[in-house]
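Heads up, the thing below is written out as C-alpha cells.
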Amino acid sequence: MSKINFGNYFEDFQIGQKIVHPLPRTISDGDVSLYIAFTGSRFALHSSDVVAKQIGYEKKPLDDILMFHLTFGKTVQDISLNAIANLGYAEISFANPVFVGDTVSMTSTVIGLKENSNGKSGVVYVHSIGVNQYGNEVLNLKRWVMVHKKDHSTKSDINEIPTFGSSTPILDEINIPTIKVVDTDATGGKYFFEDYEEKERLNHPEGITIDNSDHTLATKLYQNNAKVHFNDHMMKSTPMQQRLMYGGIVISTARTISFNGLQNAQWIYAINSGNHCNPTYAGDTIYAYTEILEKIEHKREDLGLLRLRTIALKNKTPKEIENAKDEDGKYLPNVILDLDYTVVIPKKSTKK
Amino acid sequence: MSKINFGNYFEDFQIGQKIVHPLPRTISDGDVSLYIAFTGSRFALHSSDVVAKQIGYEKKPLDDILMFHLTFGKTVQDISLNAIANLGYAEISFANPVFVGDTVSMTSTVIGLKENSNGKSGVVYVHSIGVNQYGNEVLNLKRWVMVHKKDHSTKSDINEIPTFGSSTPILDEINIPTIKVVDTDATGGKYFFEDYEEKERLNHPEGITIDNSDHTLATKLYQNNAKVHFNDHMMKSTPMQQRLMYGGIVISTARTISFNGLQNAQWIYAINSGNHCNPTYAGDTIYAYTEILEKIEHKREDLGLLRLRTIALKNKTPKEIENAKDEDGKYLPNVILDLDYTVVIPKKSTKK
Amino acid sequence: MSKINFGNYFEDFQIGQKIVHPLPRTISDGDVSLYIAFTGSRFALHSSDVVAKQIGYEKKPLDDILMFHLTFGKTVQDISLNAIANLGYAEISFANPVFVGDTVSMTSTVIGLKENSNGKSGVVYVHSIGVNQYGNEVLNLKRWVMVHKKDHSTKSDINEIPTFGSSTPILDEINIPTIKVVDTDATGGKYFFEDYEEKERLNHPEGITIDNSDHTLATKLYQNNAKVHFNDHMMKSTPMQQRLMYGGIVISTARTISFNGLQNAQWIYAINSGNHCNPTYAGDTIYAYTEILEKIEHKREDLGLLRLRTIALKNKTPKEIENAKDEDGKYLPNVILDLDYTVVIPKKSTKK
C-alpha cells in the first residue's frame, strides 16, 4: 500500500466524521512580520505593543485574518486537496484573541454531503474548530467545497445539506478587554462607531499588485498545500495556464486596503459569508470598496459592531464599479471577492 | 464628508504645524530576519548577539538603516503620499540604538514652505523626530518633498526656505558603549580607523539584482504606503509604465554592498545628505563604490568617524564609472544614489 | 593595497590551513518563519512547541536543513566565492540540535588540494565544523570545490586528495531525547521505522515552482554571498544568461516535498553525499522521489534510521522518471539533485 497521502475524495467522507488536522502551529513574531510584509497592513493594534496596552491588552494580539490563515491552512490536506472549487464559507467567528507564542490546531466534523448529479463529484460541508494550546476556541467556521469522486460509476445519491445562518450570531460576551482609550494619533483614524451610516460606501483609494513570490510565500507560510497555488508546471496544462492565487490572499489584501476609512475597526468579529467570485493571478492589482450594511449596537458601552460588505476588484478602481453584479445577478469579471463580515469598532467615548 | 484619507496637499501644511504620525511600531526579530533576507547584510554587530556582547552591548542593536525605514515609513501618509518627488534629506542622525522589542513612533514639524512658480505644486520642508517607547530620540531628520496643490488657480507665493547644515554636527557624546574588543575573525574585516585615507576609493565588487517582490515586500514591511511602489495598474499609465522602487531600498542595498571594505564600520552616525539621482526599477542590478571624504577624530579613544560618499549604480560596475556626474555636473543615467554619510569605526586599539 | 576582499584563489589555500569564517549568526524566530515561507515545510517537530514537548524536547528545535544553510552560508566568502563548481559533499552530520536564540559559527580546515592539469584551476577539499555559542558541534561536513587559480602560468602539481567514507558513521549516542510519544494526528503520518522496506520507492506528488525572489531572498537570509545567485547583470553575459539557484534551495525543497510519505522522519542524522546534477533556474518546478536504501537498527529502542536517496527533478514528475541516470551512467537533464542521507524515524512503540 502506498504511504503517500493523496488527500480525501468524496467517498472518503461520512456525515459525523471527525478529522483531527495535523500540524499544530506555534505562532511567532516572524509570522507577524511576514504578514505585514505581505500586506502592508497598518492596523495599529497589531503593529504596536504600546497601542495594544493603551487599548487594554497586555500585548498586541494577532491580526484576525493572519490567525485565520495559519489555522485554516491545516485543513487543506484533509478537506480540499482534491477540491474542484471552494464554494463558500459561513458563520466564521473569532472567539478568543491569539498571541505570539500560542499554538493553534484544528479539528473538523463533516456536517453535510451532496453528490453531484454527474456522478463525478460532490460537495462536502464541514464545521471546523480551531483552538489554542489551552483548548480555548480561536476560530470556528463552516465551509463547503466541491471535491472529486474516486469512482465515477457508482452513485450514492447522498444529499444531506446543512442549513447556515445568514450571519454569525453576535453574543453578549465579546472577548475584547474593556477599551480604555483609543488614541487616534496612533491609529490614524478619527472615526468611531457613531460616525458611520448604513448604506455608506467607502471607496478605498489604494491598489496593491501581487506578484508570484508574494502569494506563494504567504500561502507556504500558512502551510496551505493546495497544489494549484504552487505548481506552475502542472497548472500550465490547465485552462488557467498559471498558478491560481489562494483566495485568502485576496481577503488579506482587501482587509488591508479597507484600513483607509476604517482605521479604528481593528477587530473582525465574524465573517458571515465569503465568495471568491473570479480567479486572481500574479500581476493583478487589487482594489476594494466597502459598504456599511448594518450598524449593530451591543450591550457593551465601549463598542459597537459594523456589518460590512467589502468588494475586492482586480485591475479596476472602486470608482469604475457601481455594482458588483450585472443586471442578471452575475458578478462582473473584475470582481474577485464579495465578503460579508462584522467588525468591532469603539465608540466615541473611548476617544483620546 | 468622506472618511477616506487622501493625504495632505501643499495647502494643508503651515509653518510650525506639528504632525503626529500614526502607527507606532514594535520591532521584532521577524523584521530583523526579513531585513537580512532583503539585503543579505553581513555586518556582524547586527547579526550576532555574541559579537554584540564582545563589543560591549547587552544584545545586538538594530541595523541603523532598518530602523530608519521602519520609523520613516510612518511619515509617508502625512507628508509624501501626494509627493511628486522626494527632493532631499539633511542632518539625519541616529541618537540612540534600537533593539528588538522597542516601539518606535515619529512626529514632524513643518519648517519650510515654498510654492512653485507654476502654481501647481510646492515644496514642503519638515523636521521629523523618531522616539522609542521611553521617549528617547532614535532618529532625527530633515527632508523636503515636492507635493501637489489642490487648487492651481490661487497662489500664496509663500517662500520660506530653511537652511541646512552641510553635514550633521558630531557631538561629544556618542551613544555607543565603550568598545571592548573587535574580533576581526567575527566581523570579517581587518581595517580600522587608522587604515583609511581621505580620497581613498573602494570599488565594492558585489552586485545585487532586485526583483518586484523583493522591493514591494520590504516597502510594505516598513508600512511605507506610497502608491508608486505598489500599484502596477496605476503606474502602467504613467511615463514610468511600472512600479518605482522605494529609494530606501537602494540605500539599504548600497550600504550592504559597502560591507566589503568597510566591515568594521558597523554604525551609521549620520546621513549628511542624500540624492536619489535616477529611478530604479525591478530587474535592475545595484552596484556601489565608496569614497572616503574625511577622517574625523573624536575625543573618544576607542573610535573615530569616517565621512563617506557612497555612489550606487544600476547595471554598471564601479570600474565603469569614474565620476558620478558628467562635465555639466549632471548625474550619469546609471547613477541612482549619491549618499553623503558618516560612520563610526573602531580604532586599532580595540582589535582582537 | 586594496581593502576589498575578493575571496580566495587556489594558490591561497594550504594543506592544514585553518579558516575562521566571519559572521556568527544568532538564529531567530524570524529565520524559522521565513524558512516555512520559502519551503512550505510541514514537519510538525519544527512547527509546534506543543508537538516538540510531546516528543521530549523543551521547545521546537530548528529544521536541520535550515541550520545547515545558516551555518554553511558563512563559508562561501572564504571557500567558494571564486568557485567554478561545487563538486561534492561527504560525511555531513548534525551532532546537536539548534534552537532559536543560539548563535552558530563555523571554522574550516583545508584537507586536500589538487591542481587541475590545465593549470587554470584546482580542487580544494575542506573539513568544516559549525558550533553553537557553547562550542558544541552542530554541523560537521566535508566538501570540495573547484576554484580558479590567480596565476595560470605557474604550476605546483599539488595532488593531495583525501579519502571519504561512503557514508557518515552512525554513533551509539544520538542527541535526540528519548522519544516519549509520537502523536500521528499531529505529525500527519502513520508510518514508523518498521513500516518501511528497503528498495521501496516513494513518488512524492507535490511540485513547487521557485521564482527569483524565493531563491534570492532565501540565499540572502543565509548570508551566502556567491555572486552567481544574485547578480543578474553579471550572469547575463555567461552561458547561463541568468541567475543560478543556490543548490541548497533544491535540497530544502526536496526535503519538504519528501514529507508526504515520511512525515515521522523528522530528523536528518547525516548527509552521506550530495550531487547537484544539473542547474536550476527561476521558474523551474521541483518534484522529488525517495528510495529507501537501507534500514538501520540502532541500540536505542525508540528509534531506527533510514538511509534514503532523494532524487529531485525539474519540470518532470516522479512517475515520468524511472532511473535518475541513463544507460551511460549520466544523469538525465531533468535530474537536479541526488541526495544520499540518513534520517531518524521513531519506532511503532512510540506511537500514540
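Numbering starts fresh at 1 for the residues of each chain in the C-alpha cells, the chains themselves are lettered A, B, ... in the order given, and ligands are numbered from 1 as they appear.
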Once you count only C-alpha atoms, what closest atom pair and distance in Å to one decimal does each residue of chain B within 6 Å of chain C have, with rows by chain and rising residue number, as a Markdown table?
| residue | atom | partner | partner_atom | distance |
| --- | --- | --- | --- | --- |
| B:Asp29 | CA | C:Gly30 | CA | 5.5 |
| B:Gly30 | CA | C:Gly30 | CA | 3.9 |
| B:Ser33 | CA | C:Gly30 | CA | 5.1 |
| B:Ile36 | CA | C:Leu221 | CA | 5.2 |
| B:Ala37 | CA | C:Leu221 | CA | 4.0 |
| B:Phe38 | CA | C:Leu217 | CA | 6.0 |
| B:Gly40 | CA | C:Lys220 | CA | 4.1 |
| B:Ala44 | CA | C:Leu23 | CA | 5.2 |
| B:Ser47 | CA | C:Arg25 | CA | 5.4 |
| B:Ser48 | CA | C:Thr26 | CA | 4.7 |
| B:Asp185 | CA | C:Pro22 | CA | 5.3 |
| B:Ala186 | CA | C:Pro22 | CA | 4.2 |
| B:Thr187 | CA | C:Pro22 | CA | 5.6 |
| B:Gly188 | CA | C:Pro22 | CA | 4.8 |
| B:Gly207 | CA | C:Asn231 | CA | 5.3 |
| B:Ile208 | CA | C:Asn231 | CA | 5.0 |
| B:Thr209 | CA | C:Asn231 | CA | 5.4 |
| B:Asn260 | CA | C:Ile4 | CA | 5.7 |
| B:Gly261 | CA | C:Ile4 | CA | 4.8 |
| B:Thr285 | CA | C:His233 | CA | 5.9 |
Write out as a ChimeraX atom specification each polymer residue whose atoms come within 6 Å of region 321-337 of chain A, counting only C-alpha atoms; drop sequence neighbours fewer than 2 positions from it. /A:275-278,311-314,318-319
Keeping C-alpha atoms for every residue in the selection just given, could you write it to a file as a compact mmCIF listing (two decimals), in the first residue's frame?
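Result went into out-v5.txt, see below:
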# COMPACT_ATOMS: atom_id res chain seq x y z
CA ASN A 275 -17.49 34.39 -2.17
CA HIS A 276 -14.41 34.21 -4.39
CA CYS A 277 -16.21 35.49 -7.47
CA ASN A 278 -13.40 35.26 -10.04
CA ILE A 311 -15.86 44.01 -2.58
CA ALA A 312 -12.37 43.34 -3.92
CA LEU A 313 -11.63 44.18 -7.53
CA LYS A 314 -8.81 43.34 -9.88
CA PRO A 318 -13.76 51.29 -6.99
CA LYS A 319 -14.90 54.40 -8.83
Quick one: residues within 12 Å of Asn272 (chain C), only C-alpha atoms counted, chain neighbours fewer than 6 positions away excluded, as JSON, numbers by chain? {"C": [88, 89, 90, 91, 92, 93, 94, 140, 141, 142, 143, 164, 165, 166, 167, 168, 169, 170, 293, 307, 308, 309, 310, 338, 339, 340, 341, 342, 343]}
At what distance in Å, to one decimal, does CA of Gly130 (chain C) lie from CA of Ser108 (chain C)?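 If I compute the distance from CA of Ser108 (chain C) to CA of Gly130 (chain C), I get 8.7 Å.
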Just to confirm, what's the straight-line distance from CA of Asp284 (chain C) to CA of Thr317 (chain B) in Å (one decimal)?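 These two atoms are separated by 29.2 Å.
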Could you give me, as a ChimeraX atom specification, each residue of region 23-268 of chain C that DSSP assigns to strand (DSSP E) when run on this structure's backbone? /C:25-26,83-93,103-115,121-131,137-148,159-160,201-209,267-268
Can you tell me which residues surround Asn159 (chain A) at a distance of at most 7 Å, considering only C-alpha atoms, apart from same-chain residues fewer than 5 positions away, and format the answer as a ChimeraX atom specification? /A:113-115
Generate the output file for the selected residues, C-alpha atoms, as a compact mmCIF listing (two decimals), in the first residue's frame.
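Everything below was put into result02.txt:
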# COMPACT_ATOMS: atom_id res chain seq x y z
CA LEU A 113 -22.60 15.64 1.84
CA LYS A 114 -24.25 16.09 -1.53
CA GLU A 115 -23.31 14.01 -4.50
Spatial neighbours of Val123 (chain A), max dist 8 Å, only C-alpha atoms, sep filter under 5 positions, as an MDAnalysis selection string: chainID A and resid 10 112:116 144:147
Output file for the residues above (N, CA and C atoms, as a compact mmCIF listing (two decimals), in the first residue's frame):
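Done, and the output landed in selection34.txt:
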# COMPACT_ATOMS: atom_id res chain seq x y z
N PHE A 10 -14.49 12.34 -2.38
CA PHE A 10 -15.86 12.43 -1.89
C PHE A 10 -16.26 11.19 -1.08
N GLY A 112 -22.25 17.72 6.20
CA GLY A 112 -23.14 17.60 5.05
C GLY A 112 -22.41 16.95 3.89
N LEU A 113 -23.17 16.27 3.04
CA LEU A 113 -22.60 15.64 1.84
C LEU A 113 -23.67 15.68 0.77
N LYS A 114 -23.29 16.05 -0.42
CA LYS A 114 -24.25 16.09 -1.53
C LYS A 114 -23.53 15.62 -2.78
N GLU A 115 -23.92 14.50 -3.27
CA GLU A 115 -23.31 14.01 -4.50
C GLU A 115 -23.87 14.80 -5.69
N ASN A 116 -23.01 15.14 -6.61
CA ASN A 116 -23.50 15.86 -7.78
C ASN A 116 -24.15 14.89 -8.77
N TRP A 144 -17.87 24.79 2.58
CA TRP A 144 -18.23 23.69 1.70
C TRP A 144 -17.39 23.77 0.43
N VAL A 145 -16.94 22.60 0.02
CA VAL A 145 -16.05 22.51 -1.13
C VAL A 145 -16.55 21.40 -2.05
N MET A 146 -16.32 21.59 -3.34
CA MET A 146 -16.65 20.52 -4.28
C MET A 146 -15.40 19.69 -4.51
N VAL A 147 -15.53 18.36 -4.26
CA VAL A 147 -14.35 17.50 -4.41
C VAL A 147 -14.65 16.38 -5.41
Excluding same-chain residues fewer than 4 positions from Gly7 (chain B), what lies within 10 Å of it counting only C-alpha atoms, as an NGL selection string? :B and (12 or 76-83)
Okay, now the selection with N, CA, C and O atoms, as an mmCIF file, in the first residue's frame?
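What landed in result-v8.cif:
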data_model
loop_
_atom_site.group_PDB
_atom_site.id
_atom_site.type_symbol
_atom_site.label_atom_id
_atom_site.label_comp_id
_atom_site.auth_asym_id
_atom_site.auth_seq_id
_atom_site.Cartn_x
_atom_site.Cartn_y
_atom_site.Cartn_z
ATOM 1 N N ASP B 12 -2.423 72.162 2.714
ATOM 2 C CA ASP B 12 -2.732 71.601 4.039
ATOM 3 C C ASP B 12 -1.623 71.830 5.057
ATOM 4 O O ASP B 12 -1.806 71.548 6.249
ATOM 5 N N VAL B 76 5.019 58.798 5.549
ATOM 6 C CA VAL B 76 4.599 58.872 4.146
ATOM 7 C C VAL B 76 3.141 59.308 4.007
ATOM 8 O O VAL B 76 2.820 60.208 3.231
ATOM 9 N N GLN B 77 2.249 58.686 4.777
ATOM 10 C CA GLN B 77 0.822 59.009 4.664
ATOM 11 C C GLN B 77 0.580 60.504 4.831
ATOM 12 O O GLN B 77 -0.230 61.094 4.110
ATOM 13 N N ASP B 78 1.275 61.123 5.759
ATOM 14 C CA ASP B 78 1.003 62.530 6.069
ATOM 15 C C ASP B 78 1.815 63.510 5.228
ATOM 16 O O ASP B 78 1.347 64.610 4.947
ATOM 17 N N ILE B 79 3.031 63.119 4.884
ATOM 18 C CA ILE B 79 3.930 64.090 4.239
ATOM 19 C C ILE B 79 4.023 63.877 2.728
ATOM 20 O O ILE B 79 3.943 64.825 1.958
ATOM 21 N N SER B 80 4.202 62.652 2.317
ATOM 22 C CA SER B 80 4.628 62.462 0.925
ATOM 23 C C SER B 80 3.712 61.566 0.100
ATOM 24 O O SER B 80 4.089 61.117 -0.971
ATOM 25 N N LEU B 81 2.486 61.325 0.581
ATOM 26 C CA LEU B 81 1.583 60.478 -0.204
ATOM 27 C C LEU B 81 1.291 61.118 -1.559
ATOM 28 O O LEU B 81 1.171 60.426 -2.564
ATOM 29 N N ASN B 82 1.211 62.421 -1.563
ATOM 30 C CA ASN B 82 0.951 63.136 -2.815
ATOM 31 C C ASN B 82 2.210 63.798 -3.359
ATOM 32 O O ASN B 82 2.141 64.772 -4.100
ATOM 33 N N ALA B 83 3.340 63.255 -2.972
ATOM 34 C CA ALA B 83 4.607 63.824 -3.410
ATOM 35 C C ALA B 83 4.818 63.578 -4.895
ATOM 36 O O ALA B 83 4.522 62.499 -5.417
#
Polymer residues at most 12 Å from Ile65 (chain B), only C-alpha atoms, same-chain spacing of 2 or more positions, as a PDB file with C-alpha atoms, in the first residue's frame:
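Done, and the output landed in part_12.pdb:
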ATOM      1  CA  VAL B  32      15.448  41.746  11.513  1.00  0.00           C
ATOM      2  CA  TYR B  35      15.986  42.732   6.522  1.00  0.00           C
ATOM      3  CA  ILE B  36      18.775  40.184   6.134  1.00  0.00           C
ATOM      4  CA  THR B  39      19.680  42.760   1.653  1.00  0.00           C
ATOM      5  CA  SER B  41      23.569  42.244   5.041  1.00  0.00           C
ATOM      6  CA  PHE B  43      27.544  43.371   9.391  1.00  0.00           C
ATOM      7  CA  HIS B  46      23.555  43.216  13.759  1.00  0.00           C
ATOM      8  CA  PRO B  61      21.151  46.505  18.172  1.00  0.00           C
ATOM      9  CA  LEU B  62      19.107  47.040  15.021  1.00  0.00           C
ATOM     10  CA  ASP B  63      20.842  47.932  11.775  1.00  0.00           C
ATOM     11  CA  MET B  67      15.437  51.348  11.967  1.00  0.00           C
ATOM     12  CA  PHE B  68      15.375  54.325   9.596  1.00  0.00           C
ATOM     13  CA  HIS B  69      12.930  52.574   7.250  1.00  0.00           C
ATOM     14  CA  LEU B  70      10.620  51.330   9.998  1.00  0.00           C
ATOM     15  CA  THR B  71      10.442  54.781  11.567  1.00  0.00           C
ATOM     16  CA  PHE B  72      10.460  56.878   8.406  1.00  0.00           C
ATOM     17  CA  GLY B  73       7.709  54.765   6.821  1.00  0.00           C
ATOM     18  CA  ILE B  92      19.896  62.831   9.664  1.00  0.00           C
ATOM     19  CA  SER B  93      21.167  61.441  12.952  1.00  0.00           C
ATOM     20  CA  PHE B  94      20.734  58.250  14.950  1.00  0.00           C
ATOM     21  CA  PRO B  97      20.358  52.419  19.443  1.00  0.00           C
ATOM     22  CA  VAL B  98      17.120  50.498  18.890  1.00  0.00           C
ATOM     23  CA  VAL B 138      16.274  57.368  17.857  1.00  0.00           C
ATOM     24  CA  LEU B 139      16.018  59.249  14.551  1.00  0.00           C
ATOM     25  CA  TYR B 222       8.162  49.380   6.519  1.00  0.00           C
ATOM     26  CA  GLY B 248      15.282  53.383   0.724  1.00  0.00           C
ATOM     27  CA  ILE B 249      15.756  50.006  -0.941  1.00  0.00           C
ATOM     28  CA  VAL B 250      18.663  51.467  -2.869  1.00  0.00           C
ATOM     29  CA  ILE B 251      20.154  52.921   0.319  1.00  0.00           C
ATOM     30  CA  SER B 252      19.882  49.530   2.068  1.00  0.00           C
ATOM     31  CA  THR B 253      21.400  47.680  -0.854  1.00  0.00           C
ATOM     32  CA  ALA B 254      24.251  50.147  -1.259  1.00  0.00           C
ATOM     33  CA  ARG B 255      25.015  50.006   2.460  1.00  0.00           C
ATOM     34  CA  THR B 256      25.028  46.197   2.325  1.00  0.00           C
ATOM     35  CA  GLN B 266      29.133  48.971  11.716  1.00  0.00           C
ATOM     36  CA  TRP B 267      27.477  52.154  12.943  1.00  0.00           C
ATOM     37  CA  ILE B 268      25.930  54.932  10.892  1.00  0.00           C
ATOM     38  CA  TYR B 269      26.373  58.117  12.872  1.00  0.00           C
ATOM     39  CA  ALA B 270      24.641  60.458  10.462  1.00  0.00           C
ATOM     40  CA  ILE B 271      23.421  60.945   6.927  1.00  0.00           C
ATOM     41  CA  TYR B 341      27.061  59.922   5.442  1.00  0.00           C
TER      42      TYR B 341
END
Per DSSP on the backbone, what are the alpha helix (DSSP H) residues of region 91-190 of chain B, as number ranges by chain? B: 184-187
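Residue nearest Gln242 (chain B) within the list A:Asn136, A:Gly283, A:Thr75, A:Thr154: A:Gly283 [criterion: smallest interatomic distance, only C-alpha atoms].
Atom pair CA of Lys348 (chain B) / CA of Phe192 (chain B): separated by 5.5 Å.
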Min atom-atom distance to Ala52 (chain B) from the set B:Asp183, B:Glu291, B:Glu297, B:Asp157, counting only C-alpha atoms, belongs to B:Asp183
